[in-house]
>>> print(open('structure.pdb').read())   # PDB, C-alpha atoms
MODEL        1
ATOM      1  CA  MET A   1       0.000   0.000   0.000  1.00  0.00           C
ATOM      2  CA  ARG A   2       2.763   2.425   0.930  1.00  0.00           C
ATOM      3  CA  THR A   3       4.651   1.588  -2.307  1.00  0.00           C
ATOM      4  CA  ARG A   4       1.532   2.348  -4.363  1.00  0.00           C
ATOM      5  CA  PHE A   5       1.124   5.722  -2.582  1.00  0.00           C
ATOM      6  CA  VAL A   6       4.778   6.605  -3.255  1.00  0.00           C
ATOM      7  CA  LEU A   7       4.448   5.605  -6.930  1.00  0.00           C
ATOM      8  CA  LEU A   8       1.220   7.607  -7.338  1.00  0.00           C
ATOM      9  CA  SER A   9       2.826  10.622  -5.650  1.00  0.00           C
ATOM     10  CA  LEU A  10       5.871  10.346  -7.904  1.00  0.00           C
ATOM     11  CA  LEU A  11       3.670  10.024 -10.999  1.00  0.00           C
ATOM     12  CA  GLY A  12       1.669  13.091  -9.916  1.00  0.00           C
ATOM     13  CA  ALA A  13       4.851  15.098  -9.455  1.00  0.00           C
ATOM     14  CA  LEU A  14       6.123  14.077 -12.902  1.00  0.00           C
ATOM     15  CA  VAL A  15       2.838  15.054 -14.560  1.00  0.00           C
ATOM     16  CA  ALA A  16       2.801  18.396 -12.737  1.00  0.00           C
ATOM     17  CA  SER A  17       6.398  19.138 -13.732  1.00  0.00           C
ATOM     18  CA  GLY A  18       5.614  18.178 -17.331  1.00  0.00           C
ATOM     19  CA  LEU A  19       2.722  20.622 -17.401  1.00  0.00           C
ATOM     20  CA  SER A  20       4.980  23.487 -16.361  1.00  0.00           C
ATOM     21  CA  ALA A  21       7.885  22.519 -18.634  1.00  0.00           C
ATOM     22  CA  GLN A  22       9.345  24.968 -21.096  1.00  0.00           C
ATOM     23  CA  THR A  23       8.363  24.506 -24.744  1.00  0.00           C
ATOM     24  CA  LYS A  24      10.815  25.408 -27.496  1.00  0.00           C
ATOM     25  CA  ALA A  25       9.955  27.753 -30.353  1.00  0.00           C
ATOM     26  CA  SER A  26      12.009  28.801 -33.359  1.00  0.00           C
ATOM     27  CA  GLY A  27      11.455  30.836 -36.511  1.00  0.00           C
ATOM     28  CA  THR A  28      12.421  33.950 -38.426  1.00  0.00           C
ATOM     29  CA  ALA A  29      11.292  37.551 -38.451  1.00  0.00           C
ATOM     30  CA  THR A  30      12.041  39.757 -41.439  1.00  0.00           C
ATOM     31  CA  CYS A  31      11.892  43.414 -40.435  1.00  0.00           C
ATOM     32  CA  LYS A  32      11.874  46.681 -42.333  1.00  0.00           C
ATOM     33  CA  SER A  33      13.034  49.555 -40.155  1.00  0.00           C
ATOM     34  CA  ASP A  34      11.983  53.159 -40.455  1.00  0.00           C
ATOM     35  CA  PRO A  35      14.921  55.468 -41.272  1.00  0.00           C
ATOM     36  CA  LEU A  36      16.822  56.535 -38.144  1.00  0.00           C
ATOM     37  CA  SER A  37      17.274  60.162 -37.202  1.00  0.00           C
ATOM     38  CA  PRO A  38      20.222  60.018 -34.791  1.00  0.00           C
ATOM     39  CA  VAL A  39      20.763  62.881 -32.381  1.00  0.00           C
ATOM     40  CA  ALA A  40      24.470  63.604 -31.940  1.00  0.00           C
ATOM     41  CA  LEU A  41      25.830  63.740 -28.404  1.00  0.00           C
ATOM     42  CA  THR A  42      28.607  66.163 -27.562  1.00  0.00           C
ATOM     43  CA  ASP A  43      30.715  63.955 -25.283  1.00  0.00           C
ATOM     44  CA  ARG A  44      32.819  62.417 -28.106  1.00  0.00           C
ATOM     45  CA  PRO A  45      32.841  62.074 -31.895  1.00  0.00           C
ATOM     46  CA  ASN A  46      30.469  59.634 -33.635  1.00  0.00           C
ATOM     47  CA  HIS A  47      28.254  59.145 -30.543  1.00  0.00           C
ATOM     48  CA  SER A  48      24.471  59.461 -30.885  1.00  0.00           C
ATOM     49  CA  PHE A  49      21.079  58.246 -29.711  1.00  0.00           C
ATOM     50  CA  ALA A  50      18.166  57.257 -31.937  1.00  0.00           C
ATOM     51  CA  VAL A  51      14.719  55.736 -31.600  1.00  0.00           C
ATOM     52  CA  GLY A  52      14.208  52.808 -33.948  1.00  0.00           C
ATOM     53  CA  ARG A  53      10.971  51.283 -35.166  1.00  0.00           C
ATOM     54  CA  GLY A  54      10.442  48.335 -37.467  1.00  0.00           C
ATOM     55  CA  GLN A  55       7.590  46.317 -38.957  1.00  0.00           C
ATOM     56  CA  CYS A  56       8.208  42.571 -38.984  1.00  0.00           C
ATOM     57  CA  THR A  57       6.762  39.558 -40.784  1.00  0.00           C
ATOM     58  CA  TRP A  58       7.133  36.210 -39.007  1.00  0.00           C
ATOM     59  CA  THR A  59       7.740  32.766 -40.519  1.00  0.00           C
ATOM     60  CA  GLY A  60       7.710  29.456 -38.652  1.00  0.00           C
ATOM     61  CA  PHE A  61       7.488  30.792 -35.080  1.00  0.00           C
ATOM     62  CA  VAL A  62       4.602  29.003 -33.335  1.00  0.00           C
ATOM     63  CA  VAL A  63       3.592  29.445 -29.690  1.00  0.00           C
ATOM     64  CA  ALA A  64       0.843  27.315 -28.125  1.00  0.00           C
ATOM     65  CA  GLY A  65      -0.253  26.236 -31.606  1.00  0.00           C
ATOM     66  CA  LEU A  66      -0.560  29.873 -32.747  1.00  0.00           C
ATOM     67  CA  PRO A  67       1.742  30.970 -35.590  1.00  0.00           C
ATOM     68  CA  TYR A  68       3.161  34.474 -35.278  1.00  0.00           C
ATOM     69  CA  LYS A  69       2.059  36.610 -38.236  1.00  0.00           C
ATOM     70  CA  ASP A  70       3.543  40.081 -37.808  1.00  0.00           C
ATOM     71  CA  GLY A  71       4.913  42.457 -35.208  1.00  0.00           C
ATOM     72  CA  ILE A  72       6.261  45.885 -34.367  1.00  0.00           C
ATOM     73  CA  SER A  73       9.588  46.570 -32.673  1.00  0.00           C
ATOM     74  CA  THR A  74      10.462  49.882 -31.013  1.00  0.00           C
ATOM     75  CA  ASP A  75      13.872  50.463 -29.462  1.00  0.00           C
ATOM     76  CA  LEU A  76      16.325  53.012 -28.145  1.00  0.00           C
ATOM     77  CA  ASP A  77      19.685  52.830 -29.907  1.00  0.00           C
ATOM     78  CA  GLU A  78      23.033  54.116 -28.737  1.00  0.00           C
ATOM     79  CA  ILE A  79      25.394  54.459 -31.675  1.00  0.00           C
ATOM     80  CA  VAL A  80      29.161  54.749 -31.268  1.00  0.00           C
ATOM     81  CA  GLY A  81      30.902  54.710 -34.638  1.00  0.00           C
ATOM     82  CA  ASP A  82      29.959  51.438 -36.374  1.00  0.00           C
ATOM     83  CA  THR A  83      28.614  49.767 -33.205  1.00  0.00           C
ATOM     84  CA  THR A  84      25.066  50.040 -31.898  1.00  0.00           C
ATOM     85  CA  SER A  85      23.652  48.840 -28.593  1.00  0.00           C
ATOM     86  CA  PHE A  86      19.889  48.794 -28.153  1.00  0.00           C
ATOM     87  CA  HIS A  87      17.003  47.792 -25.930  1.00  0.00           C
ATOM     88  CA  GLY A  88      13.341  47.811 -26.797  1.00  0.00           C
ATOM     89  CA  TYR A  89       9.941  46.142 -27.011  1.00  0.00           C
ATOM     90  CA  HIS A  90       8.394  43.859 -29.615  1.00  0.00           C
ATOM     91  CA  VAL A  91       4.671  43.127 -29.890  1.00  0.00           C
ATOM     92  CA  ALA A  92       3.914  40.089 -32.061  1.00  0.00           C
ATOM     93  CA  THR A  93       0.430  39.266 -33.347  1.00  0.00           C
ATOM     94  CA  THR A  94      -0.564  35.671 -34.084  1.00  0.00           C
ATOM     95  CA  THR A  95      -2.814  34.518 -36.912  1.00  0.00           C
ATOM     96  CA  SER A  96      -5.691  34.344 -34.377  1.00  0.00           C
ATOM     97  CA  GLY A  97      -5.144  37.948 -33.221  1.00  0.00           C
ATOM     98  CA  ASP A  98      -3.624  37.024 -29.841  1.00  0.00           C
ATOM     99  CA  MET A  99      -0.524  39.057 -28.981  1.00  0.00           C
ATOM    100  CA  ALA A 100       2.740  38.435 -27.147  1.00  0.00           C
ATOM    101  CA  THR A 101       4.985  41.221 -25.843  1.00  0.00           C
ATOM    102  CA  CYS A 102       8.677  40.968 -25.066  1.00  0.00           C
ATOM    103  CA  THR A 103      11.606  43.164 -24.182  1.00  0.00           C
ATOM    104  CA  TYR A 104      14.875  42.723 -26.019  1.00  0.00           C
ATOM    105  CA  GLU A 105      18.425  43.997 -25.906  1.00  0.00           C
ATOM    106  CA  GLY A 106      21.484  43.475 -28.000  1.00  0.00           C
ATOM    107  CA  SER A 107      24.106  45.003 -30.220  1.00  0.00           C
ATOM    108  CA  GLY A 108      24.883  45.350 -33.874  1.00  0.00           C
ATOM    109  CA  THR A 109      27.561  46.468 -36.262  1.00  0.00           C
ATOM    110  CA  SER A 110      27.432  48.469 -39.467  1.00  0.00           C
ATOM    111  CA  LYS A 111      29.781  49.407 -42.273  1.00  0.00           C
ATOM    112  CA  ASP A 112      29.399  52.526 -44.387  1.00  0.00           C
ATOM    113  CA  GLY A 113      26.071  53.222 -42.646  1.00  0.00           C
ATOM    114  CA  LYS A 114      24.557  49.830 -43.538  1.00  0.00           C
ATOM    115  CA  PRO A 115      23.873  47.038 -41.000  1.00  0.00           C
ATOM    116  CA  VAL A 116      26.230  44.056 -41.016  1.00  0.00           C
ATOM    117  CA  SER A 117      24.980  42.009 -38.050  1.00  0.00           C
ATOM    118  CA  SER A 118      22.786  42.116 -34.975  1.00  0.00           C
ATOM    119  CA  ALA A 119      22.324  39.767 -32.009  1.00  0.00           C
ATOM    120  CA  GLY A 120      20.793  39.734 -28.555  1.00  0.00           C
ATOM    121  CA  THR A 121      18.353  38.278 -26.079  1.00  0.00           C
ATOM    122  CA  TRP A 122      14.609  38.652 -25.441  1.00  0.00           C
ATOM    123  CA  THR A 123      12.188  37.965 -22.584  1.00  0.00           C
ATOM    124  CA  TYR A 124       8.387  37.689 -22.639  1.00  0.00           C
ATOM    125  CA  THR A 125       6.594  40.337 -20.572  1.00  0.00           C
ATOM    126  CA  GLY A 126       2.974  39.397 -21.303  1.00  0.00           C
ATOM    127  CA  GLY A 127       0.349  38.283 -23.742  1.00  0.00           C
ATOM    128  CA  THR A 128      -3.339  38.378 -24.614  1.00  0.00           C
ATOM    129  CA  GLY A 129      -5.932  35.676 -25.253  1.00  0.00           C
ATOM    130  CA  LYS A 130      -4.410  32.196 -25.278  1.00  0.00           C
ATOM    131  CA  LEU A 131      -0.983  33.768 -24.582  1.00  0.00           C
ATOM    132  CA  LYS A 132      -2.040  35.542 -21.378  1.00  0.00           C
ATOM    133  CA  GLY A 133       0.521  34.892 -18.646  1.00  0.00           C
ATOM    134  CA  ILE A 134       3.219  33.680 -21.053  1.00  0.00           C
ATOM    135  CA  LYS A 135       6.748  33.514 -19.685  1.00  0.00           C
ATOM    136  CA  GLY A 136       9.965  32.671 -21.451  1.00  0.00           C
ATOM    137  CA  LYS A 137      13.107  33.953 -23.095  1.00  0.00           C
ATOM    138  CA  GLY A 138      15.442  33.404 -25.979  1.00  0.00           C
ATOM    139  CA  THR A 139      18.002  34.738 -28.422  1.00  0.00           C
ATOM    140  CA  PHE A 140      18.060  36.337 -31.852  1.00  0.00           C
ATOM    141  CA  LYS A 141      20.650  36.838 -34.553  1.00  0.00           C
ATOM    142  CA  GLY A 142      20.105  39.158 -37.512  1.00  0.00           C
ATOM    143  CA  THR A 143      21.586  39.317 -40.980  1.00  0.00           C
ATOM    144  CA  PRO A 144      20.923  42.014 -43.589  1.00  0.00           C
ATOM    145  CA  ASN A 145      19.133  41.363 -46.875  1.00  0.00           C
ATOM    146  CA  PRO A 146      19.911  43.111 -50.192  1.00  0.00           C
ATOM    147  CA  ASP A 147      16.525  44.920 -50.069  1.00  0.00           C
ATOM    148  CA  GLY A 148      17.476  46.719 -46.819  1.00  0.00           C
ATOM    149  CA  THR A 149      15.468  44.472 -44.487  1.00  0.00           C
ATOM    150  CA  MET A 150      16.962  42.330 -41.723  1.00  0.00           C
ATOM    151  CA  THR A 151      16.115  38.682 -41.150  1.00  0.00           C
ATOM    152  CA  TYR A 152      16.388  37.490 -37.563  1.00  0.00           C
ATOM    153  CA  GLN A 153      16.728  33.863 -36.516  1.00  0.00           C
ATOM    154  CA  VAL A 154      14.753  33.741 -33.259  1.00  0.00           C
ATOM    155  CA  ASP A 155      15.024  30.833 -30.813  1.00  0.00           C
ATOM    156  CA  GLY A 156      13.620  30.436 -27.343  1.00  0.00           C
ATOM    157  CA  GLU A 157      11.453  28.689 -24.818  1.00  0.00           C
ATOM    158  CA  TYR A 158       8.086  29.587 -23.327  1.00  0.00           C
ATOM    159  CA  GLN A 159       5.718  28.456 -20.627  1.00  0.00           C
ATOM    160  CA  LEU A 160       2.008  29.145 -20.236  1.00  0.00           C
ATOM    161  CA  PRO A 161       0.071  28.972 -16.967  1.00  0.00           C
TER     162      PRO A 161
ENDMDL
END
>>> encode(input="structure.pdb", output="structure tokens")
Amino acid sequence: MRTRFVLLSLLGALVASGLSAQTKASGTATCKSDPLSPVALTDRPNHSFAVGRGQCTWTGFVVAGLPYKDGISTDLDEIVGDTTSFHGYHVATTTSGDMATCTYEGSGTSKDGKPVSSAGTWTYTGGTGKLKGIKGKGTFKGTPNPDGTMTYQVDGEYQLP
């Protein structure tokens, strides 16, 4: 009898831990950024701040059975020469209309005023509908496209209540 109770308790704990396990998600976001209007700082040459905004189209990123469709990123950029550091917010909309919000931060490089690379981390801060209460985090790595857009490989894990 005691063995059965221990086995049932162990099984219950495994099921409960499985329900709260992280689920992996991966896909790409191709983003077209609005032109930046950097404001020069006077502390040293080639140092400026800018607010960036981009419209993104998602491919292959699915959370809780809901494919991401599009999104908007808004960030604050600090530019020093050919290096940019940034932090911001991204709101993604799924094909069902549910939304997920995350913060992100990272850095990028440019050459002759054109982006060369970008990479960083992101963390969910909330969601709506089926994504309400979402938690999770991940990474992204961006590469420029000939048309001026950037394609980001986005990988991460999430958990829903």
>>> closest_residue(input="structure.pdb", among="A:Thr101, A:Ser37, A:Thr93, A:Thr139", to="Trp58 (chain A)", atoms="all atoms listed in the file")
A:Thr93
>>> closest_residue(input="structure.pdb", among="A:Thr94, A:Ser48, A:Thr84, A:Ser33", to="Val62 (chain A)", atoms="all atoms listed in the file")
A:Thr94
>>> resolve_selection(input="structure.pdb", expression="the PyMOL selection byres ((chain A and resi 144-151) around 8)", output="count of residues only")
13
>>> residues_near_point(input="structure.pdb", point="(18.4, 51.5, -22.7)", cutoff="12 Å", atoms="all atoms listed in the file", output="PyMOL selection string")
chain A and resi 49-51+74-79+84-89+103-107
>>> residues_near_point(input="structure.pdb", point="(11.2, 31.7, -25.5)", cutoff="10 Å", atoms="only C-alpha atoms", output="number ranges by chain")
A: 22-26, 63, 102, 121-124, 134-139, 154-159
>>> residues_around(input="structure.pdb", residues="Thr83 (chain A)", least_positions_apart="6", cutoff="7 Å", atoms="all atoms listed in the file", output="PyMOL selection string")
chain A and resi 108-110
>>> atom_distance(input="structure.pdb", atom1="CA of Leu131 (chain A)", atom2="CA of Gly65 (chain A)")
10.3 Å
>>> residues_around(input="structure.pdb", residues="Ala92 (chain A)", least_positions_apart="2", cutoff="8 Å", atoms="all atoms listed in the file", output="PyMOL selection string")
chain A and resi 68-72+90+94+99-101
>>> atom_distance(input="structure.pdb", atom1="CA of Gly120 (chain A)", atom2="CA of Thr57 (chain A)")
18.6 Å
>>> atom_distance(input="structure.pdb", atom1="CA of Leu160 (chain A)", atom2="CA of Gly60 (chain A)")
19.3 Å
>>> axis_aligned_box(input="structure.pdb", around="region 69-77 of chain A", padding_each_side="6 Å", output="AutoDock Vina command-line options")
--center_x 10.9 --center_y 44.8 --center_z -33.2 --size_x 29.6 --size_y 28.4 --size_z 22.1
>>> resolve_selection(input="structure.pdb", expression="the PyMOL selection byres ((chain A and resi 47) around 7)", output="list of chain:residue names")
A:Ala40, A:Leu41, A:Arg44, A:Pro45, A:Asn46, A:Ser48, A:Ile79, A:Val80, A:Gly81
>>> closest_residue(input="structure.pdb", among="A:Val91, A:Asp43, A:Lys111, A:Ser96", to="Thr125 (chain A)", atoms="only C-alpha atoms")
A:Val91
>>> decode(input="structure.pdb", residues="region 61-94 of chain A", atoms="C-alpha atoms", output="PDB file, in the first residue's frame")
ATOM      1  CA  PHE A  61       7.488  30.792 -35.080  1.00  0.00           C
ATOM      2  CA  VAL A  62       4.602  29.003 -33.335  1.00  0.00           C
ATOM      3  CA  VAL A  63       3.592  29.445 -29.690  1.00  0.00           C
ATOM      4  CA  ALA A  64       0.843  27.315 -28.125  1.00  0.00           C
ATOM      5  CA  GLY A  65      -0.253  26.236 -31.606  1.00  0.00           C
ATOM      6  CA  LEU A  66      -0.560  29.873 -32.747  1.00  0.00           C
ATOM      7  CA  PRO A  67       1.742  30.970 -35.590  1.00  0.00           C
ATOM      8  CA  TYR A  68       3.161  34.474 -35.278  1.00  0.00           C
ATOM      9  CA  LYS A  69       2.059  36.610 -38.236  1.00  0.00           C
ATOM     10  CA  ASP A  70       3.543  40.081 -37.808  1.00  0.00           C
ATOM     11  CA  GLY A  71       4.913  42.457 -35.208  1.00  0.00           C
ATOM     12  CA  ILE A  72       6.261  45.885 -34.367  1.00  0.00           C
ATOM     13  CA  SER A  73       9.588  46.570 -32.673  1.00  0.00           C
ATOM     14  CA  THR A  74      10.462  49.882 -31.013  1.00  0.00           C
ATOM     15  CA  ASP A  75      13.872  50.463 -29.462  1.00  0.00           C
ATOM     16  CA  LEU A  76      16.325  53.012 -28.145  1.00  0.00           C
ATOM     17  CA  ASP A  77      19.685  52.830 -29.907  1.00  0.00           C
ATOM     18  CA  GLU A  78      23.033  54.116 -28.737  1.00  0.00           C
ATOM     19  CA  ILE A  79      25.394  54.459 -31.675  1.00  0.00           C
ATOM     20  CA  VAL A  80      29.161  54.749 -31.268  1.00  0.00           C
ATOM     21  CA  GLY A  81      30.902  54.710 -34.638  1.00  0.00           C
ATOM     22  CA  ASP A  82      29.959  51.438 -36.374  1.00  0.00           C
ATOM     23  CA  THR A  83      28.614  49.767 -33.205  1.00  0.00           C
ATOM     24  CA  THR A  84      25.066  50.040 -31.898  1.00  0.00           C
ATOM     25  CA  SER A  85      23.652  48.840 -28.593  1.00  0.00           C
ATOM     26  CA  PHE A  86      19.889  48.794 -28.153  1.00  0.00           C
ATOM     27  CA  HIS A  87      17.003  47.792 -25.930  1.00  0.00           C
ATOM     28  CA  GLY A  88      13.341  47.811 -26.797  1.00  0.00           C
ATOM     29  CA  TYR A  89       9.941  46.142 -27.011  1.00  0.00           C
ATOM     30  CA  HIS A  90       8.394  43.859 -29.615  1.00  0.00           C
ATOM     31  CA  VAL A  91       4.671  43.127 -29.890  1.00  0.00           C
ATOM     32  CA  ALA A  92       3.914  40.089 -32.061  1.00  0.00           C
ATOM     33  CA  THR A  93       0.430  39.266 -33.347  1.00  0.00           C
ATOM     34  CA  THR A  94      -0.564  35.671 -34.084  1.00  0.00           C
TER      35      THR A  94
END
